[in-house]
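Text of model_38.pdb, listed as PDB, N, CA and C atoms:
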MODEL        1
ATOM      1  N   GLY A   1       0.812  -1.189   0.000
ATOM      2  CA  GLY A   1       0.000   0.000   0.000
ATOM      3  C   GLY A   1       0.855   1.253   0.000
ATOM      4  N   MET A   2       0.212   2.338  -0.225
ATOM      5  CA  MET A   2       0.894   3.626  -0.242
ATOM      6  C   MET A   2       1.212   4.109   1.167
ATOM      7  N   THR A   3       0.466   3.655   2.127
ATOM      8  CA  THR A   3       0.742   4.010   3.515
ATOM      9  C   THR A   3       0.392   2.825   4.389
ATOM     10  N   ASN A   4       1.085   2.687   5.469
ATOM     11  CA  ASN A   4       0.750   1.599   6.384
ATOM     12  C   ASN A   4       0.515   2.112   7.791
ATOM     13  N   MET A   5       0.181   3.384   7.913
ATOM     14  CA  MET A   5      -0.069   3.959   9.221
ATOM     15  C   MET A   5      -1.175   3.217   9.963
ATOM     16  N   PRO A   6      -2.319   2.899   9.331
ATOM     17  CA  PRO A   6      -3.354   2.180  10.092
ATOM     18  C   PRO A   6      -2.856   0.836  10.615
ATOM     19  N   GLU A   7      -2.105   0.113   9.804
ATOM     20  CA  GLU A   7      -1.590  -1.179  10.233
ATOM     21  C   GLU A   7      -0.615  -1.023  11.397
ATOM     22  N   ALA A   8       0.260  -0.043  11.322
ATOM     23  CA  ALA A   8       1.233   0.180  12.395
ATOM     24  C   ALA A   8       0.536   0.563  13.691
ATOM     25  N   LYS A   9      -0.458   1.415  13.591
ATOM     26  CA  LYS A   9      -1.192   1.844  14.787
ATOM     27  C   LYS A   9      -1.959   0.679  15.406
ATOM     28  N   LEU A  10      -2.631  -0.105  14.589
ATOM     29  CA  LEU A  10      -3.376  -1.257  15.105
ATOM     30  C   LEU A  10      -2.444  -2.300  15.706
ATOM     31  N   ALA A  11      -1.302  -2.504  15.091
ATOM     32  CA  ALA A  11      -0.331  -3.452  15.642
ATOM     33  C   ALA A  11       0.137  -2.987  17.014
ATOM     34  N   ARG A  12       0.406  -1.705  17.162
ATOM     35  CA  ARG A  12       0.844  -1.178  18.465
ATOM     36  C   ARG A  12      -0.253  -1.372  19.508
ATOM     37  N   GLU A  13      -1.506  -1.088  19.128
ATOM     38  CA  GLU A  13      -2.616  -1.268  20.069
ATOM     39  C   GLU A  13      -2.783  -2.724  20.482
ATOM     40  N   ALA A  14      -2.380  -3.643  19.627
ATOM     41  CA  ALA A  14      -2.473  -5.075  19.937
ATOM     42  C   ALA A  14      -1.165  -5.604  20.532
ATOM     43  N   GLU A  15      -0.242  -4.697  20.831
ATOM     44  CA  GLU A  15       1.062  -5.040  21.405
ATOM     45  C   GLU A  15       1.861  -5.987  20.513
ATOM     46  N   ILE A  16       1.757  -5.759  19.215
ATOM     47  CA  ILE A  16       2.477  -6.562  18.232
ATOM     48  C   ILE A  16       3.657  -5.742  17.707
ATOM     49  N   CYS A  17       4.846  -6.315  17.751
ATOM     50  CA  CYS A  17       5.998  -5.658  17.135
ATOM     51  C   CYS A  17       5.749  -5.608  15.630
ATOM     52  N   TYR A  18       6.094  -4.504  15.004
ATOM     53  CA  TYR A  18       5.724  -4.294  13.610
ATOM     54  C   TYR A  18       6.841  -3.557  12.891
ATOM     55  N   ALA A  19       7.122  -3.995  11.704
ATOM     56  CA  ALA A  19       8.092  -3.302  10.860
ATOM     57  C   ALA A  19       7.616  -3.387   9.415
ATOM     58  N   THR A  20       7.988  -2.412   8.642
ATOM     59  CA  THR A  20       7.617  -2.374   7.234
ATOM     60  C   THR A  20       8.827  -2.705   6.368
ATOM     61  N   LEU A  21       8.600  -3.500   5.365
ATOM     62  CA  LEU A  21       9.611  -3.756   4.346
ATOM     63  C   LEU A  21       9.039  -3.215   3.043
ATOM     64  N   ALA A  22       9.573  -2.111   2.584
ATOM     65  CA  ALA A  22       9.069  -1.470   1.374
ATOM     66  C   ALA A  22      10.042  -1.724   0.223
ATOM     67  N   LEU A  23       9.538  -2.287  -0.845
ATOM     68  CA  LEU A  23      10.350  -2.581  -2.024
ATOM     69  C   LEU A  23       9.691  -1.931  -3.235
ATOM     70  N   SER A  24      10.355  -0.970  -3.805
ATOM     71  CA  SER A  24       9.790  -0.224  -4.932
ATOM     72  C   SER A  24       9.832  -1.035  -6.216
ATOM     73  N   THR A  25       8.891  -0.726  -7.099
ATOM     74  CA  THR A  25       8.878  -1.383  -8.405
ATOM     75  C   THR A  25       9.346  -0.451  -9.516
ATOM     76  N   ASP A  26       9.053   0.834  -9.390
ATOM     77  CA  ASP A  26       9.480   1.773 -10.427
ATOM     78  C   ASP A  26       9.390   3.196  -9.890
ATOM     79  N   TYR A  27      10.105   4.092 -10.574
ATOM     80  CA  TYR A  27      10.153   5.490 -10.156
ATOM     81  C   TYR A  27       9.703   6.439 -11.267
ATOM     82  N   ASP A  28       9.294   5.903 -12.393
ATOM     83  CA  ASP A  28       9.052   6.766 -13.546
ATOM     84  C   ASP A  28       7.887   7.723 -13.364
ATOM     85  N   CYS A  29       6.979   7.454 -12.443
ATOM     86  CA  CYS A  29       5.812   8.322 -12.301
ATOM     87  C   CYS A  29       6.144   9.634 -11.596
ATOM     88  N   TRP A  30       7.273   9.724 -10.917
ATOM     89  CA  TRP A  30       7.581  10.952 -10.191
ATOM     90  C   TRP A  30       9.026  11.406 -10.316
ATOM     91  N   HIS A  31       9.900  10.554 -10.791
ATOM     92  CA  HIS A  31      11.319  10.895 -10.835
ATOM     93  C   HIS A  31      11.726  11.153 -12.281
ATOM     94  N   GLU A  32      12.010  12.413 -12.584
ATOM     95  CA  GLU A  32      12.312  12.785 -13.968
ATOM     96  C   GLU A  32      13.566  12.115 -14.510
ATOM     97  N   GLY A  33      14.459  11.692 -13.653
ATOM     98  CA  GLY A  33      15.696  11.065 -14.094
ATOM     99  C   GLY A  33      15.535   9.619 -14.523
ATOM    100  N   HIS A  34      14.362   9.051 -14.301
ATOM    101  CA  HIS A  34      14.113   7.662 -14.679
ATOM    102  C   HIS A  34      13.238   7.621 -15.924
ATOM    103  N   GLY A  35      13.605   6.760 -16.848
ATOM    104  CA  GLY A  35      12.824   6.622 -18.065
ATOM    105  C   GLY A  35      11.532   5.856 -17.814
ATOM    106  N   ASP A  36      10.713   5.802 -18.844
ATOM    107  CA  ASP A  36       9.463   5.055 -18.755
ATOM    108  C   ASP A  36       9.753   3.574 -18.558
ATOM    109  N   VAL A  37       8.829   2.889 -17.910
ATOM    110  CA  VAL A  37       8.952   1.450 -17.723
ATOM    111  C   VAL A  37       7.728   0.769 -18.312
ATOM    112  N   THR A  38       7.899  -0.482 -18.640
ATOM    113  CA  THR A  38       6.790  -1.265 -19.184
ATOM    114  C   THR A  38       6.228  -2.166 -18.092
ATOM    115  N   VAL A  39       5.093  -2.751 -18.370
ATOM    116  CA  VAL A  39       4.507  -3.713 -17.439
ATOM    117  C   VAL A  39       5.476  -4.872 -17.230
ATOM    118  N   ASP A  40       6.128  -5.304 -18.300
ATOM    119  CA  ASP A  40       7.109  -6.392 -18.176
ATOM    120  C   ASP A  40       8.249  -6.014 -17.230
ATOM    121  N   ASP A  41       8.704  -4.758 -17.312
ATOM    122  CA  ASP A  41       9.749  -4.282 -16.396
ATOM    123  C   ASP A  41       9.271  -4.368 -14.946
ATOM    124  N   ILE A  42       8.052  -3.921 -14.721
ATOM    125  CA  ILE A  42       7.504  -3.917 -13.360
ATOM    126  C   ILE A  42       7.334  -5.339 -12.845
ATOM    127  N   ILE A  43       6.808  -6.234 -13.672
ATOM    128  CA  ILE A  43       6.620  -7.633 -13.259
ATOM    129  C   ILE A  43       7.967  -8.265 -12.915
ATOM    130  N   ALA A  44       8.975  -7.989 -13.708
ATOM    131  CA  ALA A  44      10.310  -8.533 -13.419
ATOM    132  C   ALA A  44      10.827  -8.003 -12.079
ATOM    133  N   THR A  45      10.606  -6.722 -11.824
ATOM    134  CA  THR A  45      11.032  -6.138 -10.548
ATOM    135  C   THR A  45      10.233  -6.720  -9.392
ATOM    136  N   VAL A  46       8.934  -6.897  -9.567
ATOM    137  CA  VAL A  46       8.103  -7.511  -8.524
ATOM    138  C   VAL A  46       8.626  -8.906  -8.198
ATOM    139  N   ASN A  47       8.940  -9.678  -9.214
ATOM    140  CA  ASN A  47       9.457 -11.031  -8.981
ATOM    141  C   ASN A  47      10.777 -11.008  -8.208
ATOM    142  N   ARG A  48      11.654 -10.074  -8.549
ATOM    143  CA  ARG A  48      12.912  -9.940  -7.793
ATOM    144  C   ARG A  48      12.626  -9.508  -6.349
ATOM    145  N   ASN A  49      11.672  -8.596  -6.198
ATOM    146  CA  ASN A  49      11.320  -8.122  -4.857
ATOM    147  C   ASN A  49      10.712  -9.230  -4.000
ATOM    148  N   VAL A  50       9.918 -10.097  -4.610
ATOM    149  CA  VAL A  50       9.336 -11.223  -3.870
ATOM    150  C   VAL A  50      10.451 -12.102  -3.323
ATOM    151  N   GLU A  51      11.419 -12.397  -4.150
ATOM    152  CA  GLU A  51      12.535 -13.230  -3.706
ATOM    153  C   GLU A  51      13.337 -12.524  -2.617
ATOM    154  N   LEU A  52      13.570 -11.237  -2.781
ATOM    155  CA  LEU A  52      14.287 -10.468  -1.761
ATOM    156  C   LEU A  52      13.499 -10.453  -0.449
ATOM    157  N   ALA A  53      12.202 -10.243  -0.524
ATOM    158  CA  ALA A  53      11.366 -10.235   0.682
ATOM    159  C   ALA A  53      11.431 -11.578   1.395
ATOM    160  N   ARG A  54      11.404 -12.653   0.654
ATOM    161  CA  ARG A  54      11.508 -13.990   1.262
ATOM    162  C   ARG A  54      12.830 -14.149   2.013
ATOM    163  N   ARG A  55      13.906 -13.687   1.400
ATOM    164  CA  ARG A  55      15.217 -13.802   2.053
ATOM    165  C   ARG A  55      15.285 -12.937   3.312
ATOM    166  N   VAL A  56      14.745 -11.732   3.221
ATOM    167  CA  VAL A  56      14.758 -10.837   4.381
ATOM    168  C   VAL A  56      13.943 -11.435   5.524
ATOM    169  N   VAL A  57      12.740 -11.906   5.232
ATOM    170  CA  VAL A  57      11.892 -12.490   6.277
ATOM    171  C   VAL A  57      12.565 -13.714   6.892
ATOM    172  N   ALA A  58      13.126 -14.578   6.075
ATOM    173  CA  ALA A  58      13.809 -15.765   6.597
ATOM    174  C   ALA A  58      14.970 -15.371   7.502
ATOM    175  N   SER A  59      15.693 -14.340   7.132
ATOM    176  CA  SER A  59      16.819 -13.877   7.936
ATOM    177  C   SER A  59      16.350 -13.254   9.247
ATOM    178  N   VAL A  60      15.322 -12.434   9.176
ATOM    179  CA  VAL A  60      14.822 -11.747  10.368
ATOM    180  C   VAL A  60      14.200 -12.727  11.353
ATOM    181  N   VAL A  61      13.453 -13.690  10.860
ATOM    182  CA  VAL A  61      12.783 -14.649  11.742
ATOM    183  C   VAL A  61      13.793 -15.386  12.614
ATOM    184  N   THR A  62      14.915 -15.731  12.057
ATOM    185  CA  THR A  62      15.919 -16.451  12.852
ATOM    186  C   THR A  62      16.655 -15.533  13.822
ATOM    187  N   ALA A  63      16.604 -14.234  13.590
ATOM    188  CA  ALA A  63      17.324 -13.289  14.446
ATOM    189  C   ALA A  63      16.458 -12.684  15.549
ATOM    190  N   ILE A  64      15.148 -12.863  15.467
ATOM    191  CA  ILE A  64      14.253 -12.261  16.456
ATOM    192  C   ILE A  64      14.435 -12.942  17.805
ATOM    193  N   SER A  65      14.566 -12.136  18.818
ATOM    194  CA  SER A  65      14.721 -12.659  20.175
ATOM    195  C   SER A  65      13.401 -13.236  20.671
ATOM    196  N   GLN A  66      13.481 -14.291  21.439
ATOM    197  CA  GLN A  66      12.283 -14.866  22.050
ATOM    198  C   GLN A  66      11.837 -14.036  23.251
ATOM    199  N   THR A  67      12.724 -13.205  23.766
ATOM    200  CA  THR A  67      12.399 -12.336  24.888
ATOM    201  C   THR A  67      11.921 -11.000  24.352
ATOM    202  N   ARG A  68      10.737 -10.605  24.766
ATOM    203  CA  ARG A  68      10.198  -9.320  24.323
ATOM    204  C   ARG A  68      10.376  -8.302  25.432
ATOM    205  N   ASP A  69      11.390  -7.471  25.307
ATOM    206  CA  ASP A  69      11.588  -6.418  26.290
ATOM    207  C   ASP A  69      11.377  -5.033  25.672
ATOM    208  N   CYS A  70      10.767  -5.009  24.503
ATOM    209  CA  CYS A  70      10.497  -3.745  23.824
ATOM    210  C   CYS A  70       9.203  -3.125  24.365
ATOM    211  N   ILE A  71       9.003  -1.856  24.069
ATOM    212  CA  ILE A  71       7.809  -1.160  24.536
ATOM    213  C   ILE A  71       6.534  -1.710  23.878
ATOM    214  N   CYS A  72       6.678  -2.312  22.707
ATOM    215  CA  CYS A  72       5.507  -2.886  22.025
ATOM    216  C   CYS A  72       4.783  -3.885  22.918
ATOM    217  N   SER A  73       5.532  -4.637  23.689
ATOM    218  CA  SER A  73       4.947  -5.706  24.494
ATOM    219  C   SER A  73       4.140  -5.200  25.681
ATOM    220  N   ARG A  74       4.194  -3.898  25.926
ATOM    221  CA  ARG A  74       3.436  -3.348  27.045
ATOM    222  C   ARG A  74       2.799  -1.997  26.706
ATOM    223  N   SER A  75       2.486  -1.795  25.447
ATOM    224  CA  SER A  75       1.964  -0.497  25.022
ATOM    225  C   SER A  75       0.579  -0.181  25.580
ATOM    226  N   LEU A  76      -0.163  -1.185  26.003
ATOM    227  CA  LEU A  76      -1.480  -0.928  26.595
ATOM    228  C   LEU A  76      -1.421  -0.697  28.101
ATOM    229  N   GLU A  77      -0.260  -0.829  28.669
ATOM    230  CA  GLU A  77      -0.093  -0.744  30.117
ATOM    231  C   GLU A  77      -0.775   0.488  30.721
ATOM    232  N   ASN A  78      -0.629   1.632  30.094
ATOM    233  CA  ASN A  78      -1.239   2.871  30.584
ATOM    234  C   ASN A  78      -2.249   3.446  29.599
ATOM    235  N   ALA A  79      -2.690   2.634  28.665
ATOM    236  CA  ALA A  79      -3.581   3.134  27.618
ATOM    237  C   ALA A  79      -5.058   2.926  27.925
ATOM    238  N   ILE A  80      -5.384   1.927  28.712
ATOM    239  CA  ILE A  80      -6.790   1.642  28.996
ATOM    240  C   ILE A  80      -7.205   2.458  30.210
ATOM    241  N   ILE A  81      -8.109   3.416  29.997
ATOM    242  CA  ILE A  81      -8.546   4.280  31.090
ATOM    243  C   ILE A  81      -9.965   3.962  31.549
ATOM    244  N   THR A  82     -10.606   3.039  30.865
ATOM    245  CA  THR A  82     -11.949   2.622  31.263
ATOM    246  C   THR A  82     -11.874   1.875  32.590
ATOM    247  N   ASN A  83     -12.789   2.200  33.486
ATOM    248  CA  ASN A  83     -12.872   1.477  34.747
ATOM    249  C   ASN A  83     -13.126   0.009  34.431
ATOM    250  N   PRO A  84     -12.315  -0.899  34.955
ATOM    251  CA  PRO A  84     -12.505  -2.323  34.660
ATOM    252  C   PRO A  84     -13.915  -2.828  34.951
ATOM    253  N   ASP A  85     -14.572  -2.244  35.959
ATOM    254  CA  ASP A  85     -15.941  -2.658  36.278
ATOM    255  C   ASP A  85     -16.929  -2.278  35.178
ATOM    256  N   ALA A  86     -16.559  -1.322  34.332
ATOM    257  CA  ALA A  86     -17.449  -0.872  33.260
ATOM    258  C   ALA A  86     -17.272  -1.675  31.972
ATOM    259  N   ILE A  87     -16.325  -2.576  31.952
ATOM    260  CA  ILE A  87     -16.079  -3.384  30.753
ATOM    261  C   ILE A  87     -16.987  -4.607  30.806
ATOM    262  N   THR A  88     -17.846  -4.709  29.826
ATOM    263  CA  THR A  88     -18.835  -5.789  29.811
ATOM    264  C   THR A  88     -18.171  -7.136  29.548
ATOM    265  N   PRO A  89     -18.829  -8.205  29.965
ATOM    266  CA  PRO A  89     -18.293  -9.537  29.670
ATOM    267  C   PRO A  89     -18.101  -9.777  28.174
ATOM    268  N   GLU A  90     -18.983  -9.226  27.354
ATOM    269  CA  GLU A  90     -18.855  -9.391  25.900
ATOM    270  C   GLU A  90     -17.564  -8.751  25.392
ATOM    271  N   VAL A  91     -17.278  -7.550  25.885
ATOM    272  CA  VAL A  91     -16.051  -6.860  25.474
ATOM    273  C   VAL A  91     -14.830  -7.610  26.000
ATOM    274  N   ARG A  92     -14.901  -8.086  27.221
ATOM    275  CA  ARG A  92     -13.787  -8.864  27.777
ATOM    276  C   ARG A  92     -13.526 -10.110  26.936
ATOM    277  N   ASP A  93     -14.598 -10.766  26.507
ATOM    278  CA  ASP A  93     -14.438 -11.957  25.666
ATOM    279  C   ASP A  93     -13.836 -11.603  24.313
ATOM    280  N   ARG A  94     -14.356 -10.533  23.703
ATOM    281  CA  ARG A  94     -13.915 -10.154  22.360
ATOM    282  C   ARG A  94     -12.464  -9.666  22.347
ATOM    283  N   LEU A  95     -12.072  -8.916  23.371
ATOM    284  CA  LEU A  95     -10.730  -8.323  23.411
ATOM    285  C   LEU A  95      -9.801  -8.999  24.411
ATOM    286  N   GLY A  96     -10.258 -10.088  24.988
ATOM    287  CA  GLY A  96      -9.513 -10.742  26.055
ATOM    288  C   GLY A  96      -8.071 -11.057  25.736
ATOM    289  N   ILE A  97      -7.813 -11.521  24.547
ATOM    290  CA  ILE A  97      -6.440 -11.888  24.193
ATOM    291  C   ILE A  97      -5.497 -10.686  24.258
ATOM    292  N   ILE A  98      -6.058  -9.489  24.095
ATOM    293  CA  ILE A  98      -5.243  -8.274  24.108
ATOM    294  C   ILE A  98      -5.238  -7.606  25.483
ATOM    295  N   ILE A  99      -6.390  -7.573  26.153
ATOM    296  CA  ILE A  99      -6.507  -6.763  27.373
ATOM    297  C   ILE A  99      -6.439  -7.543  28.679
ATOM    298  N   LYS A 100      -6.386  -8.855  28.624
ATOM    299  CA  LYS A 100      -6.512  -9.647  29.857
ATOM    300  C   LYS A 100      -5.439  -9.339  30.904
ATOM    301  N   ARG A 101      -4.279  -8.888  30.500
ATOM    302  CA  ARG A 101      -3.234  -8.561  31.486
ATOM    303  C   ARG A 101      -3.530  -7.276  32.248
ATOM    304  N   TYR A 102      -4.433  -6.459  31.718
ATOM    305  CA  TYR A 102      -4.627  -5.122  32.271
ATOM    306  C   TYR A 102      -5.975  -4.897  32.930
ATOM    307  N   VAL A 103      -6.938  -5.742  32.683
ATOM    308  CA  VAL A 103      -8.271  -5.533  33.279
ATOM    309  C   VAL A 103      -8.743  -6.792  33.980
TER
ENDMDL
END
Structure re-expressed in structure tokens:
Amino acid sequence: GMTNMPEAKLAREAEICYATLALSTDYDCWHEGHGDVTVDDIIATVNRNVELARRVVASVVTAISQTRDCICSRSLENAIITNPDAITPEVRDRLGIIIKRYV
């Protein structure tokens, strides 16, 4: 997508560590120094980017620590201001996986 702000914000609210891997396909629509590209050029670049993304993900997955000491893991700690008594059982059930440590 052109922006991933909603995804990043939702991931933070769910205490999920999140990072973006952006791989461009072409620059001709805005960069005057780049010539026109064809659909074939873009498809070839997409295919290279898919392979690069696979390698990056495989590398990152093996390097991620099993210990979560980042702020992502506790971002809701001071975010929920609703009185716990006011949270209905339905809401607790629906959001339990995210909020159970705090309410």
- Residues at most 9 Å from range 80-85 of chain A, counting only C-alpha atoms, excluding those fewer than 6 positions away in the same chain, as a VMD selection string? chain A and resid 99 102 to 103
- If you run DSSP on the backbone, which residues of chain A are alpha helix (DSSP H), as an NGL selection string? :A and (5-13 or 39-63 or 89-99)
- Calculate how many Å separate CA of Gly35 in chain A from atom N of Leu21 in chain A, rounding to one decimal.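 Spanning CA of Gly35 in chain A to atom N of Leu21 in chain A is a straight-line distance of 25.9 Å.
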- Could you tell me which of A:Thr45, A:Gln66, A:Asp93, A:Ala11 comes closest to Asp26 in chain A if we count only N, CA and C atoms?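 The shortest atom-to-atom distance to Asp26 in chain A comes from A:Thr45.
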- Message: Just to confirm, what's the straight-line distance from atom N of Asp41 in chain A to atom C of Thr25 in chain A in Å (one decimal)?
- Response: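 Interatomic distance here is 8.9 Å.
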- Measure the distance from atom N of Thr62 in chain A to atom N of Gly96 in chain A in Å and round it to one decimal.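 That distance, rounded to one decimal, is 28.9 Å.
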- Message: Under the PyMOL selection byres (((chain A and resi 4 and name CA) around 12) and name CA), which residues of this model are included? Write them out as a list in words.
- Response: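 This file gives the following for the PyMOL selection byres (((chain A and resi 4 and name CA) around 12) and name CA): Gly1, Met2, Thr3, Met5, Pro6, Glu7, Ala8, Lys9, Leu10, Ala11, Tyr18, Ala19, Thr20, Leu21 and Ala22 of chain A.
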Take the residues just selected and output them with N, CA and C atoms as a PDB file, in the frame of the given file.
ATOM      1  N   GLY A   1       0.812  -1.189   0.000  1.00  0.00           N
ATOM      2  CA  GLY A   1       0.000   0.000   0.000  1.00  0.00           C
ATOM      3  C   GLY A   1       0.855   1.253   0.000  1.00  0.00           C
ATOM      4  N   MET A   2       0.212   2.338  -0.225  1.00  0.00           N
ATOM      5  CA  MET A   2       0.894   3.626  -0.242  1.00  0.00           C
ATOM      6  C   MET A   2       1.212   4.109   1.167  1.00  0.00           C
ATOM      7  N   THR A   3       0.466   3.655   2.127  1.00  0.00           N
ATOM      8  CA  THR A   3       0.742   4.010   3.515  1.00  0.00           C
ATOM      9  C   THR A   3       0.392   2.825   4.389  1.00  0.00           C
ATOM     10  N   MET A   5       0.181   3.384   7.913  1.00  0.00           N
ATOM     11  CA  MET A   5      -0.069   3.959   9.221  1.00  0.00           C
ATOM     12  C   MET A   5      -1.175   3.217   9.963  1.00  0.00           C
ATOM     13  N   PRO A   6      -2.319   2.899   9.331  1.00  0.00           N
ATOM     14  CA  PRO A   6      -3.354   2.180  10.092  1.00  0.00           C
ATOM     15  C   PRO A   6      -2.856   0.836  10.615  1.00  0.00           C
ATOM     16  N   GLU A   7      -2.105   0.113   9.804  1.00  0.00           N
ATOM     17  CA  GLU A   7      -1.590  -1.179  10.233  1.00  0.00           C
ATOM     18  C   GLU A   7      -0.615  -1.023  11.397  1.00  0.00           C
ATOM     19  N   ALA A   8       0.260  -0.043  11.322  1.00  0.00           N
ATOM     20  CA  ALA A   8       1.233   0.180  12.395  1.00  0.00           C
ATOM     21  C   ALA A   8       0.536   0.563  13.691  1.00  0.00           C
ATOM     22  N   LYS A   9      -0.458   1.415  13.591  1.00  0.00           N
ATOM     23  CA  LYS A   9      -1.192   1.844  14.787  1.00  0.00           C
ATOM     24  C   LYS A   9      -1.959   0.679  15.406  1.00  0.00           C
ATOM     25  N   LEU A  10      -2.631  -0.105  14.589  1.00  0.00           N
ATOM     26  CA  LEU A  10      -3.376  -1.257  15.105  1.00  0.00           C
ATOM     27  C   LEU A  10      -2.444  -2.300  15.706  1.00  0.00           C
ATOM     28  N   ALA A  11      -1.302  -2.504  15.091  1.00  0.00           N
ATOM     29  CA  ALA A  11      -0.331  -3.452  15.642  1.00  0.00           C
ATOM     30  C   ALA A  11       0.137  -2.987  17.014  1.00  0.00           C
ATOM     31  N   TYR A  18       6.094  -4.504  15.004  1.00  0.00           N
ATOM     32  CA  TYR A  18       5.724  -4.294  13.610  1.00  0.00           C
ATOM     33  C   TYR A  18       6.841  -3.557  12.891  1.00  0.00           C
ATOM     34  N   ALA A  19       7.122  -3.995  11.704  1.00  0.00           N
ATOM     35  CA  ALA A  19       8.092  -3.302  10.860  1.00  0.00           C
ATOM     36  C   ALA A  19       7.616  -3.387   9.415  1.00  0.00           C
ATOM     37  N   THR A  20       7.988  -2.412   8.642  1.00  0.00           N
ATOM     38  CA  THR A  20       7.617  -2.374   7.234  1.00  0.00           C
ATOM     39  C   THR A  20       8.827  -2.705   6.368  1.00  0.00           C
ATOM     40  N   LEU A  21       8.600  -3.500   5.365  1.00  0.00           N
ATOM     41  CA  LEU A  21       9.611  -3.756   4.346  1.00  0.00           C
ATOM     42  C   LEU A  21       9.039  -3.215   3.043  1.00  0.00           C
ATOM     43  N   ALA A  22       9.573  -2.111   2.584  1.00  0.00           N
ATOM     44  CA  ALA A  22       9.069  -1.470   1.374  1.00  0.00           C
ATOM     45  C   ALA A  22      10.042  -1.724   0.223  1.00  0.00           C
TER      46      ALA A  22
END
- Message: So that I can see what lies close to Val50 in chain A, please list as a list in words the residues with an atom at most 12 Å from it, counting only C-alpha atoms and leaving out residues fewer than 3 positions away in the same chain.
- Response: Leu21, Ala22, Leu23, Ser24, Thr25, Ile43, Ala44, Thr45, Val46, Asn47, Ala53, Arg54, Arg55, Val56 and Val57 of chain A
- Of the candidates A:Ser59, A:Asn78, A:Thr67, A:Ser73, which shows the shortest atom-to-atom distance to Cys17 in chain A, using only C-alpha atoms?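 The shortest atom-to-atom distance to Cys17 in chain A comes from A:Ser73.
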- Would you mind listing what lies within 8 Å of Ile71 in chain A as a list of chain:residue names, with only N, CA and C atoms counted and same-chain residues fewer than 6 positions away left out?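 Listed by chain and then number, they are A:Arg12, A:Glu15, A:Ile16, A:Cys17.
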Box along x, y and z, 3 Å on every side, all listed atoms of range 5-13 of chain A inside: centre and edge lengths in Å to one decimal, as lines of an AutoDock Vina configuration file.
center_x = -1.1
center_y = 0.3
center_z = 14.2
size_x = 10.6
size_y = 13.4
size_z = 18.6
